[in-house]
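target.cif follows (mmCIF, C-alpha atoms):
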data_final
loop_
_atom_site.label_atom_id
_atom_site.label_comp_id
_atom_site.auth_asym_id
_atom_site.auth_seq_id
_atom_site.Cartn_x
_atom_site.Cartn_y
_atom_site.Cartn_z
CA MET A 13 -64.44 -0.95 33.23
CA LYS A 14 -65.64 1.23 36.09
CA CYS A 15 -63.20 1.63 38.96
CA THR A 16 -64.46 0.50 42.38
CA LEU A 17 -63.34 1.02 45.96
CA LYS A 18 -62.01 -2.55 45.92
CA ASP A 19 -59.83 -1.69 42.92
CA LEU A 20 -58.43 1.35 44.70
CA ALA A 21 -57.83 -0.64 47.87
CA ARG A 22 -56.00 -3.35 45.93
CA GLU A 23 -53.70 -0.86 44.17
CA THR A 24 -52.93 1.31 47.22
CA GLY A 25 -52.59 -1.54 49.72
CA PHE A 26 -55.10 -0.05 52.14
CA SER A 27 -58.40 -1.54 53.25
CA VAL A 28 -61.67 -0.68 51.51
CA SER A 29 -62.86 1.09 54.65
CA THR A 30 -59.71 3.23 54.81
CA VAL A 31 -60.01 4.23 51.15
CA SER A 32 -63.70 5.01 51.58
CA ARG A 33 -63.08 7.07 54.72
CA PHE A 34 -60.49 9.26 52.99
CA LEU A 35 -62.48 9.77 49.80
CA CYS A 36 -65.78 10.52 51.54
CA GLY A 37 -64.50 12.23 54.65
CA LYS A 38 -65.57 15.67 55.78
CA ARG A 39 -62.10 17.16 55.34
CA ARG A 40 -58.65 16.37 54.07
CA TYR A 41 -55.49 15.94 56.11
CA TYR A 42 -52.88 16.12 53.33
CA ASN A 43 -50.64 13.31 54.57
CA GLN A 44 -48.78 10.77 52.42
CA LYS A 45 -51.36 8.00 52.89
CA GLU A 46 -54.15 10.24 51.75
CA LYS A 47 -52.07 11.61 48.86
CA LEU A 48 -51.54 8.08 47.51
CA ILE A 49 -55.27 7.32 47.74
CA PHE A 50 -56.33 10.57 46.07
CA ASP A 51 -53.70 10.29 43.33
CA THR A 52 -54.82 6.73 42.57
CA ALA A 53 -58.48 7.82 42.51
CA ASN A 54 -57.54 10.59 40.06
CA LYS A 55 -55.62 8.10 37.92
CA TYR A 56 -58.72 5.94 37.44
CA ASN A 57 -61.22 8.85 37.37
CA TYR A 58 -63.01 7.64 40.48
CA PRO A 59 -65.82 10.23 41.07
CA TYR A 60 -65.19 10.83 44.77
CA ILE A 61 -65.34 14.59 44.58
CA GLN A 62 -68.88 14.45 43.18
CA ASN A 63 -69.87 12.10 46.01
CA PHE A 64 -68.38 14.55 48.49
CA TYR A 65 -70.43 17.48 47.19
CA ASN A 66 -73.60 15.43 46.61
CA ASN A 67 -73.55 14.55 50.30
CA GLY A 68 -74.04 18.25 51.03
CA ILE A 69 -70.57 18.71 52.48
CA LYS A 70 -68.70 21.92 51.70
CA LEU A 71 -65.06 22.77 52.22
CA LYS A 72 -64.42 24.85 55.33
CA ILE A 73 -62.33 27.83 54.25
CA SER A 74 -61.10 30.65 56.47
CA LEU A 75 -60.33 34.15 55.19
CA ILE A 76 -57.81 35.40 57.72
CA THR A 77 -56.78 39.06 58.00
CA THR A 78 -56.61 42.04 60.31
CA ILE A 79 -59.78 44.02 59.65
CA ARG A 80 -59.47 47.79 59.69
CA LYS A 81 -62.14 50.45 59.33
CA GLY A 82 -62.96 51.51 55.82
CA GLU A 83 -64.52 50.54 52.53
CA PHE A 84 -61.60 48.38 51.40
CA PHE A 85 -62.38 45.67 53.94
CA SER A 86 -66.14 45.92 53.58
CA ALA A 87 -65.77 45.43 49.81
CA LEU A 88 -63.31 42.57 50.27
CA LEU A 89 -65.48 40.65 52.73
CA SER A 90 -68.74 41.27 50.88
CA ASP A 91 -67.34 40.19 47.51
CA PHE A 92 -65.64 37.10 48.93
CA HIS A 93 -68.97 35.98 50.36
CA LEU A 94 -70.57 36.53 46.94
CA ALA A 95 -67.86 34.41 45.33
CA ALA A 96 -68.40 31.67 47.95
CA LYS A 97 -72.10 31.41 47.07
CA LYS A 98 -71.11 30.10 43.63
CA SER A 99 -68.54 27.65 45.01
CA ASN A 100 -68.51 24.49 47.08
CA CYS A 101 -66.96 26.32 50.02
CA ASP A 102 -68.23 27.72 53.28
CA ILE A 103 -66.16 30.78 54.12
CA GLU A 104 -65.47 32.08 57.62
CA VAL A 105 -63.83 35.45 58.22
CA ILE A 106 -61.23 35.56 61.00
CA ASP A 107 -60.16 38.97 62.32
CA ILE A 108 -56.74 38.50 63.90
CA GLU A 109 -53.41 40.29 64.16
CA LYS A 110 -50.67 38.81 61.99
CA ASP A 111 -48.32 37.81 64.83
CA ASP A 112 -51.12 36.19 66.82
CA PHE A 113 -52.10 34.12 63.80
CA ILE A 114 -48.57 33.04 62.88
CA TYR A 115 -47.19 32.39 66.36
CA ASN A 116 -50.28 31.20 68.22
CA LYS A 117 -53.24 30.17 66.05
CA ILE A 118 -52.02 28.79 62.72
CA GLY A 119 -51.74 25.25 64.12
CA TYR A 120 -55.37 25.30 65.21
CA PHE A 121 -56.59 26.40 61.78
CA ALA A 122 -54.38 23.82 60.05
CA GLU A 123 -56.07 21.07 62.07
CA ASN A 124 -59.66 22.29 61.76
CA LYS A 125 -60.06 23.84 58.30
CA ASP A 126 -59.80 22.63 54.70
CA GLY A 127 -57.99 25.68 53.36
CA LEU A 128 -56.79 29.14 54.37
CA CYS A 129 -56.79 32.47 52.50
CA ILE A 130 -54.55 34.93 54.33
CA LEU A 131 -54.27 38.67 53.76
CA PHE A 132 -51.30 40.20 55.55
CA PRO A 133 -49.54 42.75 53.29
CA ASP A 134 -46.42 42.96 55.50
CA LEU A 135 -45.41 39.29 55.59
CA ASN A 136 -41.64 38.91 56.01
CA LYS A 137 -39.36 35.96 55.30
CA GLU A 138 -39.60 34.61 58.86
CA ASP A 139 -43.40 34.76 58.69
CA CYS A 140 -43.39 32.90 55.38
CA ASN A 141 -41.08 30.20 56.74
CA ILE A 142 -43.55 29.49 59.55
CA ILE A 143 -46.53 29.49 57.19
CA GLU A 144 -44.69 27.22 54.75
CA SER A 145 -44.09 24.66 57.51
CA TYR A 146 -47.88 24.12 57.70
CA THR A 147 -48.49 23.67 53.98
CA ASN A 148 -47.93 19.93 54.32
CA LYS A 149 -51.11 19.85 56.44
CA ILE A 150 -53.39 22.26 54.61
CA PRO A 151 -53.35 24.39 51.42
CA ILE A 152 -52.67 28.06 52.22
CA LEU A 153 -53.09 30.98 49.82
CA SER A 154 -51.73 34.48 50.32
CA LEU A 155 -53.89 37.25 48.88
CA SER A 156 -51.01 39.71 49.18
CA PRO A 157 -47.87 39.51 47.06
CA ILE A 158 -44.80 38.03 48.73
CA ILE A 159 -41.30 39.11 47.74
CA ASP A 160 -39.96 35.58 48.29
CA ALA A 161 -42.77 33.42 46.87
CA SER A 162 -42.59 30.52 49.32
CA VAL A 163 -46.38 30.48 49.75
CA ASN A 164 -48.90 30.11 46.91
CA THR A 165 -50.29 33.51 46.00
CA ILE A 166 -53.36 34.86 44.21
CA THR A 167 -53.31 38.64 44.17
CA PHE A 168 -53.85 41.68 41.98
CA ASP A 169 -51.42 42.82 39.30
CA ASN A 170 -50.16 45.74 41.37
CA TYR A 171 -47.23 46.51 39.07
CA LYS A 172 -49.53 46.78 36.05
CA GLY A 173 -51.81 49.09 38.00
CA GLY A 174 -48.99 51.56 38.66
CA TYR A 175 -47.94 51.27 35.04
CA LEU A 176 -51.47 52.06 33.82
CA ALA A 177 -51.68 55.12 36.08
CA ALA A 178 -48.45 56.59 34.69
CA LYS A 179 -49.46 55.76 31.12
CA ASN A 180 -52.79 57.52 31.56
CA LEU A 181 -51.23 60.67 32.99
CA LYS A 182 -48.80 60.83 30.07
CA GLU A 183 -51.62 60.35 27.56
CA LEU A 184 -53.51 63.18 29.25
CA GLY A 185 -50.56 65.44 28.46
CA TYR A 186 -48.86 65.73 31.86
CA GLU A 187 -45.12 66.30 31.87
CA ASN A 188 -44.94 67.05 35.59
CA ILE A 189 -45.59 63.85 37.53
CA GLY A 190 -45.84 63.02 41.24
CA ILE A 191 -46.64 60.06 43.46
CA ILE A 192 -47.94 59.42 46.96
CA SER A 193 -46.16 56.12 47.62
CA GLY A 194 -46.53 53.65 50.49
CA ASP A 195 -44.62 51.81 53.18
CA ASP A 196 -41.52 50.09 51.75
CA THR A 197 -42.23 47.03 53.94
CA VAL A 198 -45.56 46.48 52.15
CA PHE A 199 -44.62 44.68 48.94
CA GLU A 200 -47.83 45.53 47.07
CA ALA A 201 -47.14 49.25 47.65
CA VAL A 202 -43.60 48.75 46.31
CA GLN A 203 -44.96 46.98 43.22
CA ARG A 204 -47.43 49.78 42.53
CA ARG A 205 -44.67 52.37 42.80
CA ASN A 206 -42.30 50.32 40.66
CA GLY A 207 -44.84 49.97 37.86
CA PHE A 208 -45.41 53.73 37.92
CA ILE A 209 -41.72 54.71 38.00
CA ASP A 210 -40.73 52.13 35.38
CA TYR A 211 -43.24 53.52 32.90
CA LEU A 212 -41.88 57.03 33.47
CA ALA A 213 -38.30 55.84 32.99
CA SER A 214 -39.16 53.98 29.78
CA ASN A 215 -40.63 57.22 28.39
CA ASN A 216 -37.77 59.50 29.51
CA MET A 217 -39.95 61.11 32.16
CA LYS A 218 -39.03 61.92 35.76
CA CYS A 219 -41.04 61.99 38.95
CA GLN A 220 -40.89 65.61 40.20
CA TRP A 221 -42.49 64.97 43.60
CA GLU A 222 -42.90 62.03 45.95
CA PHE A 223 -44.33 61.67 49.43
CA LYS A 224 -44.20 58.41 51.37
CA GLY A 225 -47.48 57.64 53.10
CA ASP A 226 -48.93 54.68 54.99
CA TYR A 227 -52.27 54.06 53.22
CA SER A 228 -54.18 56.28 55.69
CA LEU A 229 -56.30 59.40 55.26
CA GLU A 230 -53.96 61.19 57.64
CA SER A 231 -50.91 60.49 55.48
CA GLY A 232 -52.89 61.85 52.52
CA ASN A 233 -53.37 65.07 54.51
CA LYS A 234 -49.64 65.20 55.18
CA ALA A 235 -48.92 64.55 51.52
CA PHE A 236 -50.98 67.58 50.53
CA ILE A 237 -49.24 69.82 53.08
CA ASP A 238 -45.87 68.76 51.66
CA PHE A 239 -47.11 69.16 48.08
CA HIS A 240 -48.54 72.63 48.77
CA SER A 241 -45.24 73.81 50.25
CA LYS A 242 -43.47 72.93 46.98
CA LYS A 243 -45.79 75.25 44.98
CA LEU A 244 -46.19 72.74 42.14
CA SER A 245 -48.86 73.10 39.46
CA ASN A 246 -50.13 71.37 36.31
CA ILE A 247 -49.07 68.03 37.74
CA GLY A 248 -50.48 64.53 37.49
CA ILE A 249 -50.38 62.55 40.75
CA PHE A 250 -50.74 58.84 41.46
CA GLY A 251 -51.64 57.69 44.98
CA VAL A 252 -50.92 53.99 45.59
CA ASN A 253 -54.21 53.64 47.47
CA ASP A 254 -57.51 55.53 47.45
CA TYR A 255 -57.47 56.59 51.09
CA MET A 256 -54.35 58.71 50.73
CA CYS A 257 -55.94 60.35 47.69
CA PHE A 258 -59.10 61.10 49.68
CA GLY A 259 -57.02 62.79 52.40
CA PHE A 260 -55.05 64.76 49.81
CA MET A 261 -58.16 65.89 47.95
CA LYS A 262 -59.97 67.04 51.09
CA LEU A 263 -57.21 69.49 52.03
CA ALA A 264 -56.83 70.58 48.41
CA LEU A 265 -60.53 71.47 48.31
CA LEU A 266 -60.33 73.32 51.63
CA SER A 267 -57.29 75.22 50.35
CA GLY A 268 -59.09 76.40 47.24
CA ILE A 269 -57.18 74.19 44.81
CA ASN A 270 -59.57 72.89 42.20
CA ILE A 271 -59.15 69.33 40.92
CA PRO A 272 -58.69 68.63 38.03
CA GLU A 273 -58.19 72.25 36.91
CA LYS A 274 -54.94 72.59 38.86
CA LEU A 275 -53.89 68.95 39.06
CA SER A 276 -55.09 65.45 38.21
CA ILE A 277 -55.01 62.54 40.65
CA ILE A 278 -55.45 58.77 40.30
CA GLY A 279 -55.92 56.29 43.18
CA PHE A 280 -55.73 52.54 43.54
CA ASP A 281 -58.40 49.97 44.64
CA ASN A 282 -61.48 51.72 43.22
CA THR A 283 -63.26 51.64 46.57
CA PRO A 284 -66.98 52.57 46.44
CA PHE A 285 -66.35 56.04 47.88
CA CYS A 286 -64.52 57.01 44.67
CA ASN A 287 -67.95 57.78 43.22
CA ASN A 288 -68.80 60.12 46.12
CA THR A 289 -65.77 62.40 46.32
CA ILE A 290 -65.73 65.89 44.84
CA PRO A 291 -64.56 65.42 42.17
CA GLU A 292 -65.07 61.67 41.69
CA LEU A 293 -61.73 59.87 41.94
CA SER A 294 -60.18 58.05 38.99
CA SER A 295 -58.76 54.80 40.30
CA ILE A 296 -57.21 51.45 39.42
CA SER A 297 -59.99 48.90 39.84
CA THR A 298 -59.43 45.65 41.73
CA ASP A 299 -62.10 42.97 41.31
CA PHE A 300 -62.56 41.26 44.69
CA ILE A 301 -65.23 38.90 43.36
CA GLU A 302 -62.77 37.60 40.77
CA LEU A 303 -60.09 37.34 43.47
CA GLY A 304 -62.51 35.31 45.58
CA LYS A 305 -63.53 33.05 42.69
CA ARG A 306 -59.93 32.26 41.77
CA SER A 307 -58.92 31.67 45.37
CA LEU A 308 -61.80 29.36 46.23
CA SER A 309 -61.48 27.50 42.92
CA SER A 310 -57.80 26.90 43.66
CA LEU A 311 -58.64 25.50 47.08
CA GLU A 312 -61.31 23.24 45.60
CA LYS A 313 -58.74 21.90 43.13
CA SER A 314 -56.37 21.31 46.03
CA PHE A 315 -59.01 19.09 47.57
CA ILE A 316 -58.78 16.86 44.52
CA ASN A 317 -55.07 16.99 43.80
CA TYR A 318 -52.81 18.73 46.29
CA ASN A 319 -49.09 19.11 45.60
CA LYS A 320 -47.44 21.58 47.93
CA THR A 321 -44.18 21.54 45.95
CA GLU A 322 -45.77 23.30 42.97
CA LEU A 323 -45.61 26.96 44.00
CA PHE A 324 -47.54 29.49 41.93
CA THR A 325 -48.43 33.16 41.76
CA ASN A 326 -51.69 34.02 39.99
CA LEU A 327 -52.23 37.68 39.10
CA VAL A 328 -55.78 39.05 38.80
CA PRO A 329 -55.94 41.79 36.11
CA VAL A 330 -56.64 45.41 37.03
CA GLU A 331 -58.01 48.30 34.99
CA LEU A 332 -58.19 52.06 35.18
CA ILE A 333 -61.60 53.61 35.85
CA GLU A 334 -61.48 57.22 34.68
CA ARG A 335 -63.57 59.80 36.51
CA SER A 336 -63.55 63.56 36.95
CA SER A 337 -60.39 63.84 39.11
CA THR A 338 -58.33 63.71 35.89
CA ARG A 339 -58.54 65.90 32.80
CA ASP A 340 -56.97 65.99 29.39
CA LEU A 341 -54.46 68.85 29.10
CA ILE A 342 -54.21 68.40 25.34
CA LYS A 343 -57.84 69.23 24.53
#

Can you give me the file's structure in the form of structure tokens?
Amino acid sequence: MKCTLKDLARETGFSVSTVSRFLCGKRRYYNQKEKLIFDTANKYNYPYIQNFYNNGIKLKISLITTIRKGEFFSALLSDFHLAAKKSNCDIEVIDIEKDDFIYNKIGYFAENKDGLCILFPDLNKEDCNIIESYTNKIPILSLSPIIDASVNTITFDNYKGGYLAAKNLKELGYENIGIISGDDTVFEAVQRRNGFIDYLASNNMKCQWEFKGDYSLESGNKAFIDFHSKKLSNIGIFGVNDYMCFGFMKLALLSGINIPEKLSIIGFDNTPFCNNTIPELSSISTDFIELGKRSLSSLEKSFINYNKTELFTNLVPVELIERSSTRDLIK
């Protein structure tokens, strides 16, 4: 027998109007009353979510980050909007500094949105504690990995990316290996380095050269200056993001060092400019459309059945795109 609003009202103890208001409302509030109503509707397969969408109402989702210049953010924002077109979500991009969001604005977004996707690579434990205190009001997803997973996370498999870069350099015949690593406070940079170093260790290989950068073109320039002073050659290098590789390659070209004749280099993120460098940069590809699809799908599911106690981390696969900045030493 088909479940009706009266049936739901009888089982939950709330009035028909209250049950109807929660199931057909323009947004969710994630309190205990609503949870009971939604769980009961799920139990009896009441088709409220279809009614919600058929009324032309979409979930209001905010993508919250600090936007910097460069292709990484243009690709992220463009691909998230493409993912949203195939979802039941309206996405709004909020450009805000991390501390301003966490200490001043998070309460506003929790009251006025249906879900939040946040991208702050340097979240610390105190930040996460504050964010976690709002997850009883609204589902929140981190798009950056968190060392203490107290917030639901959908992000790229950064460790596997570093692992693939090291594996490729070994298969190309390189015994001398180097890395342009990142800020130790940025967990994704740490994961990328760890995947790279762990592969080397498991194959009895050592990293002969390392320079710590900060994801910028300028730190890539500095990395090359340090590398050049060491007079290294026939080396395979992994940069934990593309921008540092771009900075490194520019000074290498100006210094008369041909890539890949003298060295091979692999980046991370596969930003569009990889196809326009000389030579074109091999890079670990991150699929922002897939990241957007998974994130928005997760928030849609939260609309139906939200349980903030079930923490998860969902890793989006990465792959190596080989271009002319690497060459096979064996052939």

Given the PyMOL selection byres ((chain A and resi 115-123) around 9), the residues it picks as number ranges by chain: A: 41, 74, 110-114, 124-128, 139, 142-143, 146-147, 149-151

On this structure, the PyMOL selection byres ((chain A and resi 269) around 12) would catch which residues? List them as an MDAnalysis selection string, sorted by chain and number. chainID A and resid 236 239:240 243:246 260:268 270:276 290:291

Among A:Leu341, A:Ile296, A:Leu89, A:Val202, A:Leu176 is approached most closely, using only C-alpha atoms, by A:Ile296

In Å, rounded to a single decimal, give me how far atom CA of A:Ser307 is from atom CA of A:Val328.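 Going from atom CA of A:Val328 over to atom CA of A:Ser307 covers 10.4 Å.
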
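Selection result for the displayed file, with the PyMOL selection byres ((chain A and resi 190) around 6) as criterion, is Ile189, Ile191, Cys219, Gln220, Trp221, Glu222 and Ile249 of chain A.
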
Using the structure block above, produce a file of stretch 86-124 of chain A that contains N, CA and C atoms, as an mmCIF file, in the first residue's frame.
data_model
loop_
_atom_site.group_PDB
_atom_site.id
_atom_site.type_symbol
_atom_site.label_atom_id
_atom_site.label_comp_id
_atom_site.auth_asym_id
_atom_site.auth_seq_id
_atom_site.Cartn_x
_atom_site.Cartn_y
_atom_site.Cartn_z
ATOM 1 N N SER A 86 41.252 28.129 -12.608
ATOM 2 C CA SER A 86 40.329 28.269 -13.728
ATOM 3 C C SER A 86 39.791 26.911 -14.155
ATOM 4 N N ALA A 87 40.647 25.882 -14.135
ATOM 5 C CA ALA A 87 40.204 24.531 -14.482
ATOM 6 C C ALA A 87 39.249 23.985 -13.431
ATOM 7 N N LEU A 88 39.579 24.200 -12.171
ATOM 8 C CA LEU A 88 38.723 23.729 -11.073
ATOM 9 C C LEU A 88 37.326 24.326 -11.171
ATOM 10 N N LEU A 89 37.244 25.634 -11.297
ATOM 11 C CA LEU A 89 35.949 26.310 -11.295
ATOM 12 C C LEU A 89 35.144 25.967 -12.543
ATOM 13 N N SER A 90 35.803 25.938 -13.701
ATOM 14 C CA SER A 90 35.112 25.614 -14.941
ATOM 15 C C SER A 90 34.545 24.200 -14.900
ATOM 16 N N ASP A 91 35.350 23.244 -14.444
ATOM 17 C CA ASP A 91 34.908 21.846 -14.443
ATOM 18 C C ASP A 91 33.849 21.582 -13.379
ATOM 19 N N PHE A 92 33.897 22.283 -12.266
ATOM 20 C CA PHE A 92 32.851 22.130 -11.257
ATOM 21 C C PHE A 92 31.515 22.621 -11.807
ATOM 22 N N HIS A 93 31.542 23.716 -12.551
ATOM 23 C CA HIS A 93 30.301 24.216 -13.149
ATOM 24 C C HIS A 93 29.764 23.229 -14.186
ATOM 25 N N LEU A 94 30.652 22.577 -14.942
ATOM 26 C CA LEU A 94 30.217 21.556 -15.888
ATOM 27 C C LEU A 94 29.569 20.385 -15.159
ATOM 28 N N ALA A 95 30.161 19.977 -14.044
ATOM 29 C CA ALA A 95 29.596 18.881 -13.255
ATOM 30 C C ALA A 95 28.227 19.269 -12.699
ATOM 31 N N ALA A 96 28.075 20.534 -12.305
ATOM 32 C CA ALA A 96 26.808 20.990 -11.713
ATOM 33 C C ALA A 96 25.678 20.969 -12.731
ATOM 34 N N LYS A 97 25.994 21.159 -14.013
ATOM 35 C CA LYS A 97 24.952 21.169 -15.040
ATOM 36 C C LYS A 97 24.248 19.821 -15.142
ATOM 37 N N LYS A 98 24.940 18.752 -14.755
ATOM 38 C CA LYS A 98 24.360 17.418 -14.826
ATOM 39 C C LYS A 98 23.888 16.935 -13.457
ATOM 40 N N SER A 99 23.706 17.868 -12.531
ATOM 41 C CA SER A 99 23.266 17.524 -11.186
ATOM 42 C C SER A 99 21.995 18.294 -10.856
ATOM 43 N N ASN A 100 21.512 18.103 -9.663
ATOM 44 C CA ASN A 100 20.369 18.877 -9.170
ATOM 45 C C ASN A 100 20.843 19.934 -8.171
ATOM 46 N N CYS A 101 21.969 20.540 -8.495
ATOM 47 C CA CYS A 101 22.582 21.539 -7.613
ATOM 48 C C CYS A 101 22.851 22.827 -8.374
ATOM 49 N N ASP A 102 22.639 23.931 -7.708
ATOM 50 C CA ASP A 102 23.137 25.225 -8.158
ATOM 51 C C ASP A 102 24.392 25.517 -7.364
ATOM 52 N N ILE A 103 25.499 25.789 -8.067
ATOM 53 C CA ILE A 103 26.761 25.991 -7.366
ATOM 54 C C ILE A 103 27.177 27.455 -7.418
ATOM 55 N N GLU A 104 27.614 27.948 -6.279
ATOM 56 C CA GLU A 104 28.090 29.324 -6.138
ATOM 57 C C GLU A 104 29.531 29.267 -5.648
ATOM 58 N N VAL A 105 30.413 30.017 -6.296
ATOM 59 C CA VAL A 105 31.819 30.042 -5.916
ATOM 60 C C VAL A 105 32.058 31.212 -4.964
ATOM 61 N N ILE A 106 32.657 30.917 -3.824
ATOM 62 C CA ILE A 106 32.967 31.938 -2.815
ATOM 63 C C ILE A 106 34.480 32.058 -2.690
ATOM 64 N N ASP A 107 35.004 33.226 -2.993
ATOM 65 C CA ASP A 107 36.438 33.507 -2.864
ATOM 66 C C ASP A 107 36.672 34.159 -1.505
ATOM 67 N N ILE A 108 37.327 33.431 -0.604
ATOM 68 C CA ILE A 108 37.485 33.923 0.759
ATOM 69 C C ILE A 108 38.740 33.325 1.382
ATOM 70 N N GLU A 109 39.408 34.074 2.228
ATOM 71 C CA GLU A 109 40.558 33.545 2.944
ATOM 72 C C GLU A 109 40.089 32.534 3.994
ATOM 73 N N LYS A 110 40.929 31.542 4.234
ATOM 74 C CA LYS A 110 40.549 30.455 5.143
ATOM 75 C C LYS A 110 40.121 30.957 6.512
ATOM 76 N N ASP A 111 40.910 31.815 7.144
ATOM 77 C CA ASP A 111 40.588 32.263 8.505
ATOM 78 C C ASP A 111 39.298 33.069 8.547
ATOM 79 N N ASP A 112 39.045 33.865 7.509
ATOM 80 C CA ASP A 112 37.811 34.642 7.465
ATOM 81 C C ASP A 112 36.601 33.710 7.377
ATOM 82 N N PHE A 113 36.733 32.666 6.575
ATOM 83 C CA PHE A 113 35.641 31.694 6.459
ATOM 84 C C PHE A 113 35.399 30.986 7.786
ATOM 85 N N ILE A 114 36.450 30.467 8.384
ATOM 86 C CA ILE A 114 36.291 29.632 9.577
ATOM 87 C C ILE A 114 35.878 30.445 10.797
ATOM 88 N N TYR A 115 36.438 31.628 10.962
ATOM 89 C CA TYR A 115 36.192 32.384 12.192
ATOM 90 C C TYR A 115 35.071 33.412 12.073
ATOM 91 N N ASN A 116 34.680 33.747 10.830
ATOM 92 C CA ASN A 116 33.670 34.798 10.682
ATOM 93 C C ASN A 116 32.438 34.401 9.867
ATOM 94 N N LYS A 117 32.597 33.580 8.838
ATOM 95 C CA LYS A 117 31.519 33.408 7.864
ATOM 96 C C LYS A 117 30.886 32.020 7.849
ATOM 97 N N ILE A 118 31.481 31.032 8.462
ATOM 98 C CA ILE A 118 30.961 29.675 8.338
ATOM 99 C C ILE A 118 29.538 29.564 8.874
ATOM 100 N N GLY A 119 29.215 30.300 9.935
ATOM 101 C CA GLY A 119 27.867 30.264 10.496
ATOM 102 C C GLY A 119 26.830 30.757 9.508
ATOM 103 N N TYR A 120 27.176 31.794 8.769
ATOM 104 C CA TYR A 120 26.246 32.331 7.762
ATOM 105 C C TYR A 120 25.958 31.291 6.693
ATOM 106 N N PHE A 121 27.012 30.645 6.177
ATOM 107 C CA PHE A 121 26.817 29.653 5.127
ATOM 108 C C PHE A 121 26.042 28.444 5.649
ATOM 109 N N ALA A 122 26.285 28.058 6.882
ATOM 110 C CA ALA A 122 25.572 26.919 7.464
ATOM 111 C C ALA A 122 24.075 27.183 7.557
ATOM 112 N N GLU A 123 23.691 28.434 7.714
ATOM 113 C CA GLU A 123 22.276 28.794 7.839
ATOM 114 C C GLU A 123 21.594 29.023 6.502
ATOM 115 N N ASN A 124 22.379 29.306 5.452
ATOM 116 C CA ASN A 124 21.776 29.755 4.194
ATOM 117 C C ASN A 124 22.050 28.863 2.988
#
